[in-house]
Amino acid sequence: MNKICKFFLKLFGILFVVNAALFAVFFFDLDGKLLFNVVEPFLKKHYDNMDRKDTLKAPYEIDKFPKYDFNS
């Protein structure tokens with residue numbers, strides 16, 4: 001009986017600590033702060049350095065259209 005009681009006390013203690021940690025993350029919005037301060041700058045740095053096609057240098061041909069086939 002004593003071993004079972006100690007086991008459940010340890011289990012409830014661990015669950016209480018986990019619940020308190022998750023509440024602190026929620027209350028102080030730590031996940032949002034992590035995303036804003038760590039993940040977003042990393043993603044901006046990665047995606048801002050990507051090579052992209054310059055759409056302003058593409059020729060504009062108003063009289064040429066792609067061939068559309070509506071009968072299929």
# chains A, B, ... in the order shown; residues from 1 in each chain; ligands from 1

$ select_by_dssp --residues "chain A" --states "helix (DSSP H, G or I)" --output "PDB file with N, CA and C atoms, in the first residue's frame"
ATOM      1  N   ASN A   2       1.982   1.173   0.711  1.00  0.00           N
ATOM      2  CA  ASN A   2       2.863   2.327   0.835  1.00  0.00           C
ATOM      3  C   ASN A   2       3.531   2.667  -0.496  1.00  0.00           C
ATOM      4  N   LYS A   3       3.910   1.631  -1.280  1.00  0.00           N
ATOM      5  CA  LYS A   3       4.538   1.864  -2.574  1.00  0.00           C
ATOM      6  C   LYS A   3       3.566   2.503  -3.555  1.00  0.00           C
ATOM      7  N   ILE A   4       2.325   2.038  -3.525  1.00  0.00           N
ATOM      8  CA  ILE A   4       1.305   2.601  -4.427  1.00  0.00           C
ATOM      9  C   ILE A   4       1.036   4.054  -4.074  1.00  0.00           C
ATOM     10  N   CYS A   5       0.977   4.350  -2.794  1.00  0.00           N
ATOM     11  CA  CYS A   5       0.731   5.725  -2.344  1.00  0.00           C
ATOM     12  C   CYS A   5       1.880   6.641  -2.773  1.00  0.00           C
ATOM     13  N   LYS A   6       3.119   6.186  -2.603  1.00  0.00           N
ATOM     14  CA  LYS A   6       4.269   6.989  -3.020  1.00  0.00           C
ATOM     15  C   LYS A   6       4.277   7.204  -4.533  1.00  0.00           C
ATOM     16  N   PHE A   7       3.909   6.152  -5.277  1.00  0.00           N
ATOM     17  CA  PHE A   7       3.868   6.258  -6.734  1.00  0.00           C
ATOM     18  C   PHE A   7       2.864   7.323  -7.176  1.00  0.00           C
ATOM     19  N   PHE A   8       1.656   7.271  -6.590  1.00  0.00           N
ATOM     20  CA  PHE A   8       0.641   8.245  -6.985  1.00  0.00           C
ATOM     21  C   PHE A   8       1.004   9.656  -6.536  1.00  0.00           C
ATOM     22  N   LEU A   9       1.659   9.797  -5.390  1.00  0.00           N
ATOM     23  CA  LEU A   9       2.102  11.121  -4.958  1.00  0.00           C
ATOM     24  C   LEU A   9       3.148  11.686  -5.917  1.00  0.00           C
ATOM     25  N   LYS A  10       4.091  10.847  -6.342  1.00  0.00           N
ATOM     26  CA  LYS A  10       5.082  11.297  -7.317  1.00  0.00           C
ATOM     27  C   LYS A  10       4.418  11.642  -8.645  1.00  0.00           C
ATOM     28  N   LEU A  11       3.473  10.812  -9.071  1.00  0.00           N
ATOM     29  CA  LEU A  11       2.763  11.057 -10.327  1.00  0.00           C
ATOM     30  C   LEU A  11       1.991  12.375 -10.269  1.00  0.00           C
ATOM     31  N   PHE A  12       1.264  12.594  -9.196  1.00  0.00           N
ATOM     32  CA  PHE A  12       0.521  13.852  -9.061  1.00  0.00           C
ATOM     33  C   PHE A  12       1.463  15.044  -8.955  1.00  0.00           C
ATOM     34  N   GLY A  13       2.597  14.869  -8.315  1.00  0.00           N
ATOM     35  CA  GLY A  13       3.577  15.950  -8.233  1.00  0.00           C
ATOM     36  C   GLY A  13       4.135  16.306  -9.595  1.00  0.00           C
ATOM     37  N   ILE A  14       4.465  15.287 -10.373  1.00  0.00           N
ATOM     38  CA  ILE A  14       4.979  15.529 -11.722  1.00  0.00           C
ATOM     39  C   ILE A  14       3.909  16.186 -12.588  1.00  0.00           C
ATOM     40  N   LEU A  15       2.684  15.697 -12.510  1.00  0.00           N
ATOM     41  CA  LEU A  15       1.589  16.286 -13.288  1.00  0.00           C
ATOM     42  C   LEU A  15       1.322  17.732 -12.871  1.00  0.00           C
ATOM     43  N   PHE A  16       1.448  18.024 -11.580  1.00  0.00           N
ATOM     44  CA  PHE A  16       1.253  19.393 -11.113  1.00  0.00           C
ATOM     45  C   PHE A  16       2.333  20.316 -11.668  1.00  0.00           C
ATOM     46  N   VAL A  17       3.571  19.859 -11.682  1.00  0.00           N
ATOM     47  CA  VAL A  17       4.671  20.675 -12.212  1.00  0.00           C
ATOM     48  C   VAL A  17       4.492  20.904 -13.713  1.00  0.00           C
ATOM     49  N   VAL A  18       4.099  19.867 -14.434  1.00  0.00           N
ATOM     50  CA  VAL A  18       3.861  20.007 -15.878  1.00  0.00           C
ATOM     51  C   VAL A  18       2.705  20.969 -16.128  1.00  0.00           C
ATOM     52  N   ASN A  19       1.641  20.843 -15.350  1.00  0.00           N
ATOM     53  CA  ASN A  19       0.493  21.730 -15.511  1.00  0.00           C
ATOM     54  C   ASN A  19       0.883  23.180 -15.196  1.00  0.00           C
ATOM     55  N   ALA A  20       1.667  23.397 -14.162  1.00  0.00           N
ATOM     56  CA  ALA A  20       2.107  24.756 -13.820  1.00  0.00           C
ATOM     57  C   ALA A  20       2.994  25.331 -14.924  1.00  0.00           C
ATOM     58  N   ALA A  21       3.873  24.508 -15.502  1.00  0.00           N
ATOM     59  CA  ALA A  21       4.737  24.987 -16.585  1.00  0.00           C
ATOM     60  C   ALA A  21       3.915  25.346 -17.814  1.00  0.00           C
ATOM     61  N   LEU A  22       2.949  24.518 -18.158  1.00  0.00           N
ATOM     62  CA  LEU A  22       2.094  24.820 -19.314  1.00  0.00           C
ATOM     63  C   LEU A  22       1.243  26.059 -19.066  1.00  0.00           C
ATOM     64  N   PHE A  23       0.782  26.249 -17.839  1.00  0.00           N
ATOM     65  CA  PHE A  23       0.020  27.458 -17.521  1.00  0.00           C
ATOM     66  C   PHE A  23       0.900  28.699 -17.651  1.00  0.00           C
ATOM     67  N   ALA A  24       2.158  28.614 -17.219  1.00  0.00           N
ATOM     68  CA  ALA A  24       3.068  29.756 -17.348  1.00  0.00           C
ATOM     69  C   ALA A  24       3.312  30.082 -18.812  1.00  0.00           C
ATOM     70  N   VAL A  25       3.461  29.065 -19.643  1.00  0.00           N
ATOM     71  CA  VAL A  25       3.643  29.294 -21.081  1.00  0.00           C
ATOM     72  C   VAL A  25       2.415  29.991 -21.642  1.00  0.00           C
ATOM     73  N   PHE A  26       1.227  29.549 -21.275  1.00  0.00           N
ATOM     74  CA  PHE A  26      -0.004  30.166 -21.752  1.00  0.00           C
ATOM     75  C   PHE A  26      -0.172  31.578 -21.203  1.00  0.00           C
ATOM     76  N   PHE A  27       0.037  31.755 -19.918  1.00  0.00           N
ATOM     77  CA  PHE A  27      -0.232  33.043 -19.270  1.00  0.00           C
ATOM     78  C   PHE A  27       0.689  34.140 -19.783  1.00  0.00           C
ATOM     79  N   LEU A  30       4.488  32.701 -23.912  1.00  0.00           N
ATOM     80  CA  LEU A  30       5.886  32.397 -24.208  1.00  0.00           C
ATOM     81  C   LEU A  30       6.056  31.748 -25.573  1.00  0.00           C
ATOM     82  N   ASP A  31       5.052  30.999 -26.031  1.00  0.00           N
ATOM     83  CA  ASP A  31       5.172  30.388 -27.350  1.00  0.00           C
ATOM     84  C   ASP A  31       5.121  31.449 -28.440  1.00  0.00           C
ATOM     85  N   GLY A  32       4.264  32.456 -28.289  1.00  0.00           N
ATOM     86  CA  GLY A  32       4.206  33.538 -29.264  1.00  0.00           C
ATOM     87  C   GLY A  32       5.473  34.371 -29.259  1.00  0.00           C
ATOM     88  N   LYS A  33       6.010  34.612 -28.069  1.00  0.00           N
ATOM     89  CA  LYS A  33       7.262  35.379 -27.977  1.00  0.00           C
ATOM     90  C   LYS A  33       8.419  34.611 -28.605  1.00  0.00           C
ATOM     91  N   LEU A  34       8.430  33.301 -28.429  1.00  0.00           N
ATOM     92  CA  LEU A  34       9.472  32.484 -29.053  1.00  0.00           C
ATOM     93  C   LEU A  34       9.360  32.550 -30.573  1.00  0.00           C
ATOM     94  N   LEU A  35       8.142  32.420 -31.079  1.00  0.00           N
ATOM     95  CA  LEU A  35       7.958  32.493 -32.527  1.00  0.00           C
ATOM     96  C   LEU A  35       8.360  33.860 -33.065  1.00  0.00           C
ATOM     97  N   PHE A  36       7.991  34.930 -32.367  1.00  0.00           N
ATOM     98  CA  PHE A  36       8.249  36.286 -32.852  1.00  0.00           C
ATOM     99  C   PHE A  36       9.726  36.640 -32.764  1.00  0.00           C
ATOM    100  N   ASN A  37      10.402  36.233 -31.700  1.00  0.00           N
ATOM    101  CA  ASN A  37      11.786  36.661 -31.481  1.00  0.00           C
ATOM    102  C   ASN A  37      12.835  35.702 -32.030  1.00  0.00           C
ATOM    103  N   VAL A  38      12.491  34.445 -32.260  1.00  0.00           N
ATOM    104  CA  VAL A  38      13.485  33.464 -32.692  1.00  0.00           C
ATOM    105  C   VAL A  38      13.159  32.907 -34.073  1.00  0.00           C
ATOM    106  N   VAL A  39      11.969  32.384 -34.232  1.00  0.00           N
ATOM    107  CA  VAL A  39      11.635  31.683 -35.471  1.00  0.00           C
ATOM    108  C   VAL A  39      11.413  32.654 -36.619  1.00  0.00           C
ATOM    109  N   GLU A  40      10.656  33.729 -36.379  1.00  0.00           N
ATOM    110  CA  GLU A  40      10.347  34.661 -37.463  1.00  0.00           C
ATOM    111  C   GLU A  40      11.589  35.337 -38.044  1.00  0.00           C
ATOM    112  N   PRO A  41      12.543  35.836 -37.244  1.00  0.00           N
ATOM    113  CA  PRO A  41      13.750  36.399 -37.860  1.00  0.00           C
ATOM    114  C   PRO A  41      14.536  35.368 -38.674  1.00  0.00           C
ATOM    115  N   PHE A  42      14.575  34.129 -38.215  1.00  0.00           N
ATOM    116  CA  PHE A  42      15.256  33.085 -38.974  1.00  0.00           C
ATOM    117  C   PHE A  42      14.563  32.872 -40.320  1.00  0.00           C
ATOM    118  N   LEU A  43      13.229  32.811 -40.313  1.00  0.00           N
ATOM    119  CA  LEU A  43      12.499  32.609 -41.562  1.00  0.00           C
ATOM    120  C   LEU A  43      12.621  33.816 -42.484  1.00  0.00           C
ATOM    121  N   LYS A  44      12.583  35.020 -41.914  1.00  0.00           N
ATOM    122  CA  LYS A  44      12.759  36.221 -42.739  1.00  0.00           C
ATOM    123  C   LYS A  44      14.131  36.226 -43.394  1.00  0.00           C
ATOM    124  N   LYS A  45      15.156  35.888 -42.631  1.00  0.00           N
ATOM    125  CA  LYS A  45      16.512  35.863 -43.169  1.00  0.00           C
ATOM    126  C   LYS A  45      16.612  34.842 -44.292  1.00  0.00           C
ATOM    127  N   HIS A  46      15.979  33.702 -44.110  1.00  0.00           N
ATOM    128  CA  HIS A  46      16.047  32.651 -45.121  1.00  0.00           C
ATOM    129  C   HIS A  46      15.293  33.052 -46.388  1.00  0.00           C
ATOM    130  N   TYR A  47      14.052  33.512 -46.236  1.00  0.00           N
ATOM    131  CA  TYR A  47      13.221  33.765 -47.409  1.00  0.00           C
ATOM    132  C   TYR A  47      13.517  35.109 -48.069  1.00  0.00           C
ATOM    133  N   ASP A  48      14.065  36.076 -47.361  1.00  0.00           N
ATOM    134  CA  ASP A  48      14.422  37.341 -47.989  1.00  0.00           C
ATOM    135  C   ASP A  48      15.664  37.215 -48.864  1.00  0.00           C
ATOM    136  N   THR A  55       9.631  40.391 -61.924  1.00  0.00           N
ATOM    137  CA  THR A  55       8.438  40.444 -62.763  1.00  0.00           C
ATOM    138  C   THR A  55       8.329  41.754 -63.537  1.00  0.00           C
ATOM    139  N   LEU A  56       9.071  42.774 -63.125  1.00  0.00           N
ATOM    140  CA  LEU A  56       9.001  44.050 -63.841  1.00  0.00           C
ATOM    141  C   LEU A  56       9.767  44.006 -65.163  1.00  0.00           C
ATOM    142  N   LYS A  57      10.679  43.054 -65.304  1.00  0.00           N
ATOM    143  CA  LYS A  57      11.464  42.953 -66.526  1.00  0.00           C
ATOM    144  C   LYS A  57      10.843  41.994 -67.537  1.00  0.00           C
TER     145      LYS A  57
END

$ atom_distance --atom1 "CA of Arg52 (chain A)" --atom2 "CA of Lys64 (chain A)"
24.6 Å

$ decode --residues "chain A" --atoms "C-alpha atoms" --output "CSV table (one decimal), in the first residue's frame"
chain,number,residue,atom,x,y,z
A,1,MET,CA,0.0,0.0,0.0
A,2,ASN,CA,2.9,2.3,0.8
A,3,LYS,CA,4.5,1.9,-2.6
A,4,ILE,CA,1.3,2.6,-4.4
A,5,CYS,CA,0.7,5.7,-2.3
A,6,LYS,CA,4.3,7.0,-3.0
A,7,PHE,CA,3.9,6.3,-6.7
A,8,PHE,CA,0.6,8.2,-7.0
A,9,LEU,CA,2.1,11.1,-5.0
A,10,LYS,CA,5.1,11.3,-7.3
A,11,LEU,CA,2.8,11.1,-10.3
A,12,PHE,CA,0.5,13.9,-9.1
A,13,GLY,CA,3.6,16.0,-8.2
A,14,ILE,CA,5.0,15.5,-11.7
A,15,LEU,CA,1.6,16.3,-13.3
A,16,PHE,CA,1.3,19.4,-11.1
A,17,VAL,CA,4.7,20.7,-12.2
A,18,VAL,CA,3.9,20.0,-15.9
A,19,ASN,CA,0.5,21.7,-15.5
A,20,ALA,CA,2.1,24.8,-13.8
A,21,ALA,CA,4.7,25.0,-16.6
A,22,LEU,CA,2.1,24.8,-19.3
A,23,PHE,CA,0.0,27.5,-17.5
A,24,ALA,CA,3.1,29.8,-17.3
A,25,VAL,CA,3.6,29.3,-21.1
A,26,PHE,CA,0.0,30.2,-21.8
A,27,PHE,CA,-0.2,33.0,-19.3
A,28,PHE,CA,2.9,34.8,-20.4
A,29,ASP,CA,2.4,33.9,-24.1
A,30,LEU,CA,5.9,32.4,-24.2
A,31,ASP,CA,5.2,30.4,-27.4
A,32,GLY,CA,4.2,33.5,-29.3
A,33,LYS,CA,7.3,35.4,-28.0
A,34,LEU,CA,9.5,32.5,-29.1
A,35,LEU,CA,8.0,32.5,-32.5
A,36,PHE,CA,8.2,36.3,-32.9
A,37,ASN,CA,11.8,36.7,-31.5
A,38,VAL,CA,13.5,33.5,-32.7
A,39,VAL,CA,11.6,31.7,-35.5
A,40,GLU,CA,10.3,34.7,-37.5
A,41,PRO,CA,13.8,36.4,-37.9
A,42,PHE,CA,15.3,33.1,-39.0
A,43,LEU,CA,12.5,32.6,-41.6
A,44,LYS,CA,12.8,36.2,-42.7
A,45,LYS,CA,16.5,35.9,-43.2
A,46,HIS,CA,16.0,32.7,-45.1
A,47,TYR,CA,13.2,33.8,-47.4
A,48,ASP,CA,14.4,37.3,-48.0
A,49,ASN,CA,17.7,36.0,-49.4
A,50,MET,CA,16.0,33.7,-52.0
A,51,ASP,CA,16.5,34.5,-55.7
A,52,ARG,CA,13.3,35.6,-57.3
A,53,LYS,CA,12.3,36.4,-60.9
A,54,ASP,CA,12.0,40.1,-61.5
A,55,THR,CA,8.4,40.4,-62.8
A,56,LEU,CA,9.0,44.1,-63.8
A,57,LYS,CA,11.5,43.0,-66.5
A,58,ALA,CA,9.0,40.5,-68.1
A,59,PRO,CA,7.8,41.6,-71.6
A,60,TYR,CA,4.3,42.7,-71.8
A,61,GLU,CA,2.6,41.5,-75.0
A,62,ILE,CA,-1.0,42.5,-75.1
A,63,ASP,CA,-1.8,40.9,-78.4
A,64,LYS,CA,-0.5,37.4,-77.5
A,65,PHE,CA,-2.7,35.1,-75.6
A,66,PRO,CA,-2.3,31.4,-74.5
A,67,LYS,CA,-4.2,28.9,-76.5
A,68,TYR,CA,-7.3,27.8,-74.6
A,69,ASP,CA,-9.2,24.6,-75.4
A,70,PHE,CA,-12.7,24.6,-74.0
A,71,ASN,CA,-14.0,21.6,-75.9
A,72,SER,CA,-12.3,18.9,-74.0
